[in-house]
Each structure stands twice: as C-alpha cells, then as structure tokens.
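Everything below concerns the one structure shown next.
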Amino acid sequence: MKFGFDIDDTLINLREHAFHIYNKKLNQNISLDVFQKLERVEIHEPFGLTDEQGSEMWNSTLEEIYYTTCLPFPNAVEILQELDREGHKIYYITSRPKEHGHRTMEWLRALGFPVKEDQFFYGMKDEEKVHIIKKLQLDYYFDDKPHVLNTLLEYSTTKVFVKDQSYNQLVNLPRIVDLSEIRNMVQNK
Ligand SMILES: [Mg+2]
C-alpha cells in the first residue's frame with residue numbers, strides 16, 4: 001500500500017520544538033500548557049507578537065527550528081521502518097520551502113526514517129498537496145494542518161487521517177493520536 005505523510009507536526013514535534021526556541025530567544029518562560037491549548041498552527045501569540053512579527057520570527061529562526069534537536073513523535077520512526085520493511089511505499093509530502101528539501105531529506109534519514117528520493121515531495125503550497133496526493137493515488141495520507149486537510153474532505157480514493165493536535169479539533173476526518181495506531185489499520189485490512 002501507499003502511505004503518504006506530512007512531516008512537520010505529523011511525524012515530528014516541530015511546533016513544540018520551536019516553542020522552546022522562542023522561549024529561549026525571547027528570554028521568556030511560557031509554559032507548555034499554553035502551547036498545548038493553542039487553537040492555531042502559529043505559535044507566536046503567547047509571546048505577544050503580531051502575525052507579522054510572528055512570521056518574521058519564524059522565518060529568521062527556520063534554520064534552527066528545522067535542523068537542531070526536534071524530536072519525532074513517539075513510534076513515528078519505528079512504524080515507518082516497519083511499513084517499509086513490509087514492502088509498503090512511503091511518501092513524504094512537505095511544504096517546507098524548496099531550499100530546505102534536500103537537507104530535510106538527509107535530516108530525516110539521520111533520524112532513521114526510511115526516505116527514498118523519488119518518494120519525497122517538497123516546496124509546494126499547502127493547497128497544492130492535494131494534487132500530488134491524487135496523482136500518487138495514495139491509500140493513506142496523514143497531516144495535521146486544517147488548511148491542507150480541508151482540501152481533502154471530498155476525496156475518497158485516499159483515506160485521510162488527522163494527526164490530532166489542539167488546532168485541528170474542528171476538522172471532521174478520522175484522527176490518530178499516536179502513530180502506532182497505523183499498525184492496526186494495516187493489520188485489520
Ligand atoms: Mg504539518
């Protein structure tokens with residue numbers, strides 16, 4: 001079967017990692033409780049930043065956010081390795097900017113994720129992911145972002161799952177909390 005994954009906040013805990021970096025950089029100590037209640041993808045509001053300042057902060061910190069010690073979610077590496085060993089195809093579809101595509105691929109490999117270059121797509125806009133997903137005719141696709149997920153509501157060829165997060169509670173699609181739930185999906189097929 002063909003499995004497609006978004007990367008940030010689906011496979012790896014990027015926003016939380018960035019939240020720690022913001023705390024350090026801005027000399028603050030905002031608790032994780034606040035982070036866990038955020039109702040939007042962006043993390044700058046608790047730091048008192050406007051949307052414009054937030055997006056500046058994000059872009060100027062991107063290098064550090066992407067390539068330092070961001071942790072994968074529990075079971076993410078193991079499950080993808082397992083699927084790969086079982087002969088399933090694993091695709092990554094990330095809207096990380098083009099200039100970060102190759103490095104991201106290498107960074108994921110270093111963490112142990114099974115990555116094949118021709119199954120790694122990057123640099124598209126959120127609303128363009130749907131075209132790649134349709135073209136690949138994925139059996140399963142996992143993402144966290146409402147803006148992406150909402151483009152997939154009507155598409156029934158691919159079983160789309162929400163990676164459960166505080167900011168995507170209103171998305172009306174099946175959701176997974178822990179990536180190990182994928183194991184049951186495959187076994188129950
Ligand atoms: Mg994401």
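Each chain in the structure tokens gets a letter, A, B, ..., in the order shown, and its residues are numbered from 1; ligands are numbered from 1 in order too.
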Quiz item: Which residues come within 6 Å of A:Thr158, counting only C-alpha atoms, excluding same-chain residues fewer than 6 positions away, as a count of residues only?
Solution: 3
Exercise. For ligand 1, list the contacting residues at 8 Å or closer, counting only C-alpha atoms and all ligand atoms, as a VMD selection string.
Key: chain A and resid 6 to 10 94 143 to 145
Per-residue nearest contacts of stretch 60-166 of chain A to stretch 29-50 of chain A (12 Å; only C-alpha atoms) as JSON lines:
{"residue": "A:Asp144", "atom": "CA", "partner": "A:Val41", "partner_atom": "CA", "distance": 9.1}
{"residue": "A:Lys145", "atom": "CA", "partner": "A:Val41", "partner_atom": "CA", "distance": 7.4}
{"residue": "A:Pro146", "atom": "CA", "partner": "A:Val41", "partner_atom": "CA", "distance": 8.8}
{"residue": "A:His147", "atom": "CA", "partner": "A:Val41", "partner_atom": "CA", "distance": 9.9}
{"residue": "A:Val148", "atom": "CA", "partner": "A:Val41", "partner_atom": "CA", "distance": 11.9}
{"residue": "A:Asp164", "atom": "CA", "partner": "A:Gln36", "partner_atom": "CA", "distance": 11.6}
{"residue": "A:Gln165", "atom": "CA", "partner": "A:Gln36", "partner_atom": "CA", "distance": 8.3}
{"residue": "A:Ser166", "atom": "CA", "partner": "A:Glu39", "partner_atom": "CA", "distance": 5.8}
Quiz prompt | Pairwise distance for atom CA of A:Ala18 and atom CA of A:Val160, rounded to one decimal in Å | solution = 26.3 Å
Quiz item: Using only C-alpha atoms, which residues sit within 12 Å of A:Leu62 once same-chain residues fewer than 5 positions away are excluded, as number ranges by chain?
Solution: A: 14-15, 17-18, 21-22, 54-57, 67-68, 96-97, 99-100, 104
Write out the residues from the selection above, keeping C-alpha atoms, as a CSV table (one decimal), in the first residue's frame.
chain,number,residue,atom,x,y,z
A,14,LEU,CA,8.2,20.8,15.3
A,15,ARG,CA,6.0,23.4,16.8
A,17,HIS,CA,10.5,22.4,19.5
A,18,ALA,CA,10.1,25.9,18.0
A,21,ILE,CA,13.4,28.0,20.9
A,22,TYR,CA,11.2,31.1,21.0
A,54,GLY,CA,5.5,36.1,14.3
A,55,SER,CA,6.1,35.3,10.7
A,56,GLU,CA,9.4,37.3,10.8
A,57,MET,CA,10.4,35.4,13.9
A,67,TYR,CA,17.9,21.2,11.9
A,68,THR,CA,18.5,21.1,15.6
A,96,ARG,CA,8.9,23.1,3.6
A,97,PRO,CA,10.5,25.6,1.2
A,99,GLU,CA,15.8,25.4,-0.5
A,100,HIS,CA,15.2,23.1,2.5
A,104,THR,CA,15.3,17.9,5.3
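Going from atom CA of A:Ile182 to atom CA of A:Glu154 covers 22.0 Å.
You will find atom CA of A:Phe161 at 11.6 Å from atom CA of A:Asp178.
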Can you list, as a PDB file with N, CA and C atoms, in the first residue's frame, all residues belonging to stretch 107-164 of chain A that DSSP tags as strand (DSSP E or B)?
ATOM      1  N   PHE A 120       9.801  11.646  -2.218  1.00  0.00           N
ATOM      2  CA  PHE A 120       9.912  12.785  -1.308  1.00  0.00           C
ATOM      3  C   PHE A 120       9.548  14.066  -2.067  1.00  0.00           C
ATOM      4  N   PHE A 121       8.458  14.706  -1.652  1.00  0.00           N
ATOM      5  CA  PHE A 121       7.962  15.893  -2.360  1.00  0.00           C
ATOM      6  C   PHE A 121       7.981  17.088  -1.414  1.00  0.00           C
ATOM      7  N   TYR A 122       8.448  18.207  -1.909  1.00  0.00           N
ATOM      8  CA  TYR A 122       8.568  19.382  -1.044  1.00  0.00           C
ATOM      9  C   TYR A 122       8.409  20.665  -1.864  1.00  0.00           C
ATOM     10  N   TYR A 140      -3.332   5.910   1.924  1.00  0.00           N
ATOM     11  CA  TYR A 140      -3.477   6.625   3.198  1.00  0.00           C
ATOM     12  C   TYR A 140      -2.678   7.919   3.156  1.00  0.00           C
ATOM     13  N   TYR A 141      -3.224   8.955   3.779  1.00  0.00           N
ATOM     14  CA  TYR A 141      -2.449  10.185   3.926  1.00  0.00           C
ATOM     15  C   TYR A 141      -2.690  10.789   5.310  1.00  0.00           C
ATOM     16  N   PHE A 142      -1.636  11.283   5.923  1.00  0.00           N
ATOM     17  CA  PHE A 142      -1.683  11.826   7.287  1.00  0.00           C
ATOM     18  C   PHE A 142      -1.158  13.255   7.304  1.00  0.00           C
ATOM     19  N   ASP A 143      -1.910  14.143   7.926  1.00  0.00           N
ATOM     20  CA  ASP A 143      -1.481  15.548   8.004  1.00  0.00           C
ATOM     21  C   ASP A 143      -2.102  16.168   9.249  1.00  0.00           C
ATOM     22  N   LYS A 159      -7.579   7.387   2.047  1.00  0.00           N
ATOM     23  CA  LYS A 159      -8.097   7.522   3.419  1.00  0.00           C
ATOM     24  C   LYS A 159      -7.238   8.550   4.138  1.00  0.00           C
ATOM     25  N   VAL A 160      -7.844   9.659   4.456  1.00  0.00           N
ATOM     26  CA  VAL A 160      -7.101  10.764   5.050  1.00  0.00           C
ATOM     27  C   VAL A 160      -7.305  10.781   6.565  1.00  0.00           C
ATOM     28  N   PHE A 161      -6.211  10.909   7.292  1.00  0.00           N
ATOM     29  CA  PHE A 161      -6.266  10.953   8.750  1.00  0.00           C
ATOM     30  C   PHE A 161      -5.648  12.233   9.278  1.00  0.00           C
ATOM     31  N   VAL A 162      -6.277  12.759  10.322  1.00  0.00           N
ATOM     32  CA  VAL A 162      -5.758  13.935  11.010  1.00  0.00           C
ATOM     33  C   VAL A 162      -4.820  13.476  12.116  1.00  0.00           C
ATOM     34  N   LYS A 163      -3.611  14.021  12.161  1.00  0.00           N
ATOM     35  CA  LYS A 163      -2.775  13.796  13.345  1.00  0.00           C
ATOM     36  C   LYS A 163      -3.287  14.764  14.402  1.00  0.00           C
TER      37      LYS A 163
END
